[in-house]
Amino acid sequence: MAPKLPPHHSLQHSSTTATAGGQVHDDHDHHPQPRGIMRWLLTTNHKEIGSLYLIFSLIMFFIGGIFALVVRAELFQPGLNLINPEFFNQMTTMHGLIMVFAAVMPAFTGLANWMIPLQIGAPDMALPRLNNFSFWLLPVAFTLLLSTLLMPGGGPNFGWTFYAPLSTTYAPPSTTFFILSLHIAGVSSILGAINIVATILNMRAPGMRMMDMPLFVWTWLITAFLLIAVMPVLAGVITMMLMDINFGTSFFDAAGGGDPVLFQHLFWFFGHPEVYIMILPAFGIVSAIIPTFARKRLFGYASMVYATASIAVLSFLVWAHHMFVVGLPLAATLFFMYTTMLIAVPTGVKVFNWITTLFRGSITFEVPMLFALAFVVLFTIGGFSGLMLAIAPADFQYHDTYFVVAHFHYVLVPGAVFSIMAAVYYWLPKWTGHYPSEILGKWHFWLSVIGVNLTFFPMHFSGLAGMPRRIPDYALQFADFNLVSSLGAFLFGFSQLIFVWVIIKCVRGGVKAPAKAWDGAEDLEWSVPSPAPLHTFETPPDFKPVQH
Amino acid sequence: MSGGSYYVPATSKWPVLGSLALGVMMIGAGMALVHGNGTIVMSLGLIGVLTVMALWFRDVVMESRQGLYDAQMDRSFRQGMGWFIFSEVMFFAAFFGALFYIRVFALPWLDGEGAKGVAALLWPDFSATWPLMSPPDPSVSGPREVMNPWQLPLVNTLILVASSITLTIAHEGLKESNRTACRNWLIATLALGFVFVIIQGVEYYQAVTHYGITLQAGIYGATFFMLTGFHGLHVIIGVTILAVMLVRILRGHFGGHDHFGFEASCWYWHFVDVVWIGLFLFVYVF
């Protein structure tokens with residue numbers, strides 16, 4: 001019995017439409033593409049899906065940013081001024097959850113979607129329909145998550161780390177919806193990561209060996225592996241929460257033989273690789289931009305690959321450094337302290353690599369380069385405060401203070417977020433065919449750098465002086481630091497409107513960009529026209545390995 | 001490495017409908033759990049998810065039958081399935097990890113042993129045993145008896161191991177284009193999987209009614225039901241996949257070298273089998 005076959009015109013076979021060199025063509029003999037909103041709902045094209053991810057991430061960046069500004073407005077001066085403490089807790093929690101899961105992660109996935117097929121000479125992602133599914137799960141997940149703010153008892157209020165029993169026994173009723181929305185986001189991440197691994201391992205242009213891949217591709221391959229390994233653990237731990245809340249199990253309740261500390265172990269087994277998921281692609285971006293604008297090859301390509309892999313391996317062995325004060329056996333404390341300090345070695349390899357790439361380069365300071373250079377300096381500050389936190393006896397002092405807030409915001413904002421902005425400025429010519437405005441871009445950059453440092457640098461001092469995190473009111477001696485932080489936060493937040501302006505302007509027009517938009521750019525994506533046509537590399541490109 | 005004829009599918013409505021259906025299902029589940037009135041919404045969502053899955057896979061099967069997939073696409077499917085199973089392994093690892101942590105660290109500490117034995121101050125009379133028959137706090141009543149691994153669980157172990165063997169024979173049959181053998185051994189595998197689920201149901205009934213093992217019976221009941229429950233769910237999914245494979249065999253799908261759908265279902269079934277071995281050892285025996 002032969003199955004009923006779908007009408008042939010609904011199928012595209014790329015060989016029938018391929019032209020030489022993966023150049024633009026619009027002579028497809030298949031059905032016209034759906035238009036309007038349906039085009040975006042039904043697309044299987046990696047560039048369109050990449051754009052969807054990036055736009056979604058930008059919207060969420062502003063929503064999470066507004067939550068942060070609510071927090072900073074309350075902390076502008078001591079005393080309970082604007083909002084009640086319950087709402088304050090919901091704002092800190094939602095800020096963290098939205099920024100991690102809905103802004104930074106989708107932004108990197110969007111960049112991966114756009115750039116990985118272009119950088120490896122593939123016609124699309126390996127599993128294009130699955131790709132669309134991964135994206136459309138996100139609006140569903142985060143609409144559900146944001147809706148918890150309107151539910152009786154309010155939204156999640158236990159911090160983005162949602163420690164039990166705050167998130168189980170003492171949690172608002174909406175927590176169940178929070179868990180379910182995180183499940184959807186997790187499915188999205190896992191499927192997206194599987195797709196990226198399959199694409200990288202399977203779709204490279206003929207002749208491109210693993211060690212010929214651009215570092216953005218390498219870092220994403222390793223990131224995707226981390227995602228596949230730890231997102232299921234997150235799914236497991238939130239399922240245990242769901243059972244504790246709704247079905248009376250006692251995973252995180254010592255009364256029944258469970259242990260609340262078990263929650264923290266499981267969470268951080270996910271959570272520590274998760275923070276590297278948010279920084280490894282950033283390393284890849286910076287490793288693309290610095291050689292381009294220094295007009296030199298990356299100093300040590302292979303060492304970058306091995307350093308990335310080492311960081312990924314170590315990320316599974318350091319999770320309990322988040323838990324030094326929870327009551328760990330001494331042996332565990334020492335083990336996790338030493339493994340954590342080991343991470344400084346591969347990270348140092350990376351930082352020295354970027355610096356030695358700059359050494360005696362012909363450097364120019366276009367906007368992507370400015371963001372990349374700021375990344376190197378400011379991320380390294382975050383790395384150093386991380387080393388301070390890694391030392392267990394010192395951590396007893398810093399733990400749960402604003403010092404920790406300063407540390408992870410330095411690695412995430414001028415780290416991950418700056419790298420995303422650098423990537424957007426770097427690849428906008430390829431996406432739109434126009435250069436982004438240099439003048440506006442520089443305004444955006446300098447206001448962001450000043451804003452970020454005003455916001456987060458004083459937190460080192462308030463933290464070392466003992467100001468605890470996640471509180472709506474504080475002792476008077478912290479007033480000046482908090483005032484500066486709040487001013488900086490509003491400066492940084494409003495500067496991002498320039499970013500939106502730059503992007504809109506660039507989409508609508510501007511100085512035309514050639515295929516190779518930047519002088520020193522070498523990777524494959526610069527061999528296709530700007531803007532990149534909807535379909536590229538339908539026949540594999542001629543790839544000649546660059547000597548790394 | 002990229003071939004010259006990579007198949008890029010046309011636009012598809014299944015992904016966006018699937019995510020919508022999943023959202024409806026989750027909202028229904030949340031309403032059912034929090035407000036007690038979402039069962040209908042959840043069921044509609046579930047039906048939506050299953051329908052979309054069926055139609056999506058149907059499209060893939062048709063495209064495969066039309067010969068649209070080349071060797072590269074085949075590799076993408078293989079890698080996709082392999083990594084998916086790895087993610088499933090990590091999901092179970094979280095629950096096994098919880099079990100080991102509880103048994104090796106948490107309970108001895110509550111009993112006053114080890115580096116954090118100070119926890120014994122909470123419930124000075126508590127003594128740690130595994131399976132945990134009397135949870136630390138008297139408000140939680142533990143199970144009355146433990147599962148005997150050498151009765152139904154042993155039978156189920158033998159059934160699952162046997163099913164892995166029958167499935168391998170079926171696969172060998174398909175490779176040699178012996179479709180009758182493949183069909184018969186696949187039916188045998190399905191029957192074994194089906195019997196496993198029935199026996200697991202009987203075991204659950206005994207656990208709840210005779211042994212007092214429930215989700216609420218302290219950490220033993222919680223780990224027991226979550227591990228075996230998620231495994232049972234995976235067996236049901238596996239049986240469903242194998243049933244689809246049987247239908248495809250009966251319809252003349254698959255060739256001796258061209259049957260990744262069948263092979264993927266074999267991978268999945270063996271994975272479910274291996275998880276059970278872990279369960280049998282660490283949930284039932286030791």
# chains A, B, ... in the order shown; residues from 1 in each chain; ligands from 1
>>> residues_around(residues="stretch 268-285 of chain B", least_positions_apart="4", cutoff="8 Å", atoms="only C-alpha atoms", output="JSON, numbers by chain")
{"B": [85, 92, 147, 148, 149, 153, 154, 157, 160, 161, 164, 224, 227, 228, 231, 234, 235, 238, 264]}
>>> write_last_selection(atoms="all heavy atoms", output="short mmCIF file (atom, residue, chain, number, x, y, z; two decimals), in the first residue's frame")
data_model
loop_
_atom_site.label_atom_id
_atom_site.label_comp_id
_atom_site.auth_asym_id
_atom_site.auth_seq_id
_atom_site.Cartn_x
_atom_site.Cartn_y
_atom_site.Cartn_z
N ILE B 85 18.15 11.38 22.86
CA ILE B 85 18.23 10.33 23.87
C ILE B 85 19.22 10.73 24.97
O ILE B 85 18.98 10.50 26.16
CB ILE B 85 18.61 8.98 23.23
CG1 ILE B 85 17.42 8.48 22.40
CG2 ILE B 85 19.00 7.95 24.27
CD1 ILE B 85 17.67 7.20 21.64
N PHE B 92 16.80 11.56 33.46
CA PHE B 92 16.77 10.51 34.47
C PHE B 92 17.93 10.67 35.44
O PHE B 92 17.81 10.33 36.62
CB PHE B 92 16.79 9.13 33.81
CG PHE B 92 15.44 8.68 33.35
CD1 PHE B 92 15.05 8.83 32.04
CD2 PHE B 92 14.54 8.13 34.26
CE1 PHE B 92 13.78 8.44 31.62
CE2 PHE B 92 13.28 7.74 33.86
CZ PHE B 92 12.90 7.89 32.54
N MET B 147 8.88 -2.93 48.60
CA MET B 147 8.71 -3.76 47.42
C MET B 147 9.69 -4.92 47.48
O MET B 147 10.87 -4.71 47.74
CB MET B 147 9.04 -2.94 46.18
CG MET B 147 7.89 -2.21 45.59
SD MET B 147 6.76 -3.41 44.95
CE MET B 147 5.30 -2.40 44.93
N ASN B 148 9.21 -6.11 47.21
CA ASN B 148 10.13 -7.23 47.08
C ASN B 148 10.64 -7.27 45.64
O ASN B 148 9.85 -7.50 44.72
CB ASN B 148 9.41 -8.52 47.44
CG ASN B 148 10.36 -9.71 47.39
OD1 ASN B 148 11.46 -9.60 46.85
ND2 ASN B 148 9.95 -10.80 47.97
N PRO B 149 11.94 -7.06 45.45
CA PRO B 149 12.43 -7.00 44.07
C PRO B 149 12.34 -8.34 43.34
O PRO B 149 12.37 -8.37 42.11
CB PRO B 149 13.89 -6.57 44.23
CG PRO B 149 14.25 -6.90 45.63
CD PRO B 149 13.00 -6.81 46.43
N PRO B 153 8.96 -7.12 40.13
CA PRO B 153 10.04 -6.36 39.48
C PRO B 153 11.00 -7.26 38.72
O PRO B 153 11.44 -6.90 37.63
CB PRO B 153 10.74 -5.67 40.65
CG PRO B 153 9.67 -5.54 41.69
CD PRO B 153 8.84 -6.78 41.55
N LEU B 154 11.30 -8.42 39.26
CA LEU B 154 12.20 -9.35 38.55
C LEU B 154 11.55 -9.81 37.25
O LEU B 154 12.18 -9.84 36.19
CB LEU B 154 12.54 -10.55 39.44
CG LEU B 154 13.44 -11.59 38.75
CD1 LEU B 154 14.81 -11.01 38.45
CD2 LEU B 154 13.56 -12.85 39.59
N THR B 157 11.82 -7.16 34.81
CA THR B 157 13.18 -7.04 34.29
C THR B 157 13.39 -8.04 33.16
O THR B 157 13.90 -7.70 32.09
CB THR B 157 14.21 -7.29 35.41
OG1 THR B 157 13.89 -6.45 36.51
CG2 THR B 157 15.63 -7.02 34.95
N LEU B 160 11.54 -6.97 30.03
CA LEU B 160 12.14 -5.88 29.25
C LEU B 160 13.42 -6.34 28.55
O LEU B 160 13.67 -5.95 27.40
CB LEU B 160 12.43 -4.68 30.14
CG LEU B 160 11.36 -3.59 30.18
CD1 LEU B 160 11.94 -2.30 30.72
CD2 LEU B 160 10.75 -3.34 28.81
N VAL B 161 14.23 -7.14 29.26
CA VAL B 161 15.45 -7.63 28.61
C VAL B 161 15.08 -8.49 27.40
O VAL B 161 15.65 -8.34 26.31
CB VAL B 161 16.31 -8.43 29.62
CG1 VAL B 161 17.47 -9.11 28.90
CG2 VAL B 161 16.84 -7.49 30.70
N SER B 164 14.10 -6.42 24.49
CA SER B 164 15.22 -5.85 23.76
C SER B 164 15.80 -6.86 22.78
O SER B 164 16.20 -6.52 21.67
CB SER B 164 16.32 -5.39 24.73
OG SER B 164 16.28 -4.00 24.88
N PHE B 224 10.55 6.46 44.54
CA PHE B 224 10.05 5.24 43.89
C PHE B 224 9.09 5.59 42.77
O PHE B 224 9.24 5.14 41.63
CB PHE B 224 9.34 4.35 44.93
CG PHE B 224 8.66 3.16 44.33
CD1 PHE B 224 9.39 2.02 44.02
CD2 PHE B 224 7.30 3.18 44.05
CE1 PHE B 224 8.77 0.93 43.44
CE2 PHE B 224 6.67 2.09 43.47
CZ PHE B 224 7.41 0.96 43.16
N LEU B 227 10.72 7.86 39.78
CA LEU B 227 11.61 7.14 38.87
C LEU B 227 10.85 6.09 38.06
O LEU B 227 10.94 6.06 36.83
CB LEU B 227 12.75 6.49 39.67
CG LEU B 227 13.93 7.43 39.96
CD1 LEU B 227 14.75 6.92 41.12
CD2 LEU B 227 14.81 7.58 38.72
N THR B 228 10.09 5.25 38.75
CA THR B 228 9.39 4.21 37.99
C THR B 228 8.28 4.82 37.14
O THR B 228 7.98 4.33 36.05
CB THR B 228 8.78 3.15 38.94
OG1 THR B 228 7.91 3.81 39.86
CG2 THR B 228 9.85 2.40 39.68
N HIS B 231 9.76 6.28 34.07
CA HIS B 231 10.16 5.17 33.21
C HIS B 231 8.95 4.55 32.55
O HIS B 231 8.94 4.29 31.34
CB HIS B 231 10.93 4.12 34.02
CG HIS B 231 11.28 2.94 33.20
ND1 HIS B 231 10.51 1.80 33.17
CD2 HIS B 231 12.29 2.72 32.33
CE1 HIS B 231 11.04 0.94 32.33
NE2 HIS B 231 12.13 1.47 31.81
N HIS B 234 7.81 6.44 29.70
CA HIS B 234 8.66 6.23 28.53
C HIS B 234 8.39 4.87 27.86
O HIS B 234 8.51 4.76 26.64
CB HIS B 234 10.14 6.35 28.92
CG HIS B 234 10.58 7.78 29.06
ND1 HIS B 234 10.23 8.57 30.12
CD2 HIS B 234 11.31 8.57 28.24
CE1 HIS B 234 10.73 9.77 29.95
NE2 HIS B 234 11.39 9.80 28.82
N VAL B 235 8.03 3.86 28.66
CA VAL B 235 7.68 2.57 28.05
C VAL B 235 6.43 2.75 27.20
O VAL B 235 6.35 2.25 26.07
CB VAL B 235 7.46 1.49 29.13
CG1 VAL B 235 6.97 0.20 28.49
CG2 VAL B 235 8.73 1.25 29.90
N GLY B 238 7.37 4.38 24.13
CA GLY B 238 8.12 3.44 23.30
C GLY B 238 7.20 2.45 22.62
O GLY B 238 7.35 2.15 21.42
N ALA B 264 15.68 4.20 14.89
CA ALA B 264 15.55 5.17 15.96
C ALA B 264 14.64 4.64 17.06
O ALA B 264 14.91 4.81 18.25
CB ALA B 264 15.00 6.49 15.42
#
>>> interface_residues(of="chain A", to="chain B", cutoff="7 Å", atoms="only C-alpha atoms", output="number ranges by chain")
A: 1, 5, 10-15, 41-44, 122, 126, 129-130, 132-133, 136-137, 140, 173, 176-177, 180, 194-195, 198, 202-206, 228-229, 232-233, 236, 246-251, 255-259, 262, 329, 539-540
>>> atom_distance(atom1="atom CA of A:Leu201", atom2="atom CA of A:Ala416")
25.1 Å
>>> atom_distance(atom1="atom CA of A:Ile471", atom2="atom CA of A:Val318")
27.4 Å
>>> residues_around(residues="A:Gln77", least_positions_apart="5", cutoff="8 Å", atoms="only C-alpha atoms", output="PyMOL selection string")
chain A and resi 479+482-483
>>> write_last_selection(atoms="N, CA, C and O atoms", output="compact mmCIF listing (two decimals), in the first residue's frame")
# COMPACT_ATOMS: atom_id res chain seq x y z
N ALA A 479 23.53 54.54 51.30
CA ALA A 479 22.68 55.41 50.49
C ALA A 479 23.42 55.96 49.26
O ALA A 479 22.89 55.94 48.15
N ASN A 482 24.01 53.42 46.45
CA ASN A 482 22.76 53.06 45.78
C ASN A 482 22.25 54.17 44.89
O ASN A 482 21.69 53.91 43.83
N LEU A 483 22.46 55.40 45.34
CA LEU A 483 22.03 56.53 44.51
C LEU A 483 22.78 56.52 43.18
O LEU A 483 22.18 56.63 42.11
>>> atom_distance(atom1="atom CA of A:Ala465", atom2="atom CA of A:Asp480")
12.5 Å
>>> residues_around(residues="A:Pro291", least_positions_apart="4", cutoff="12 Å", atoms="only C-alpha atoms", output="PyMOL selection string")
chain A and resi 214-215+284-287+295-301+353-364+368-369+372-373+518-523+548
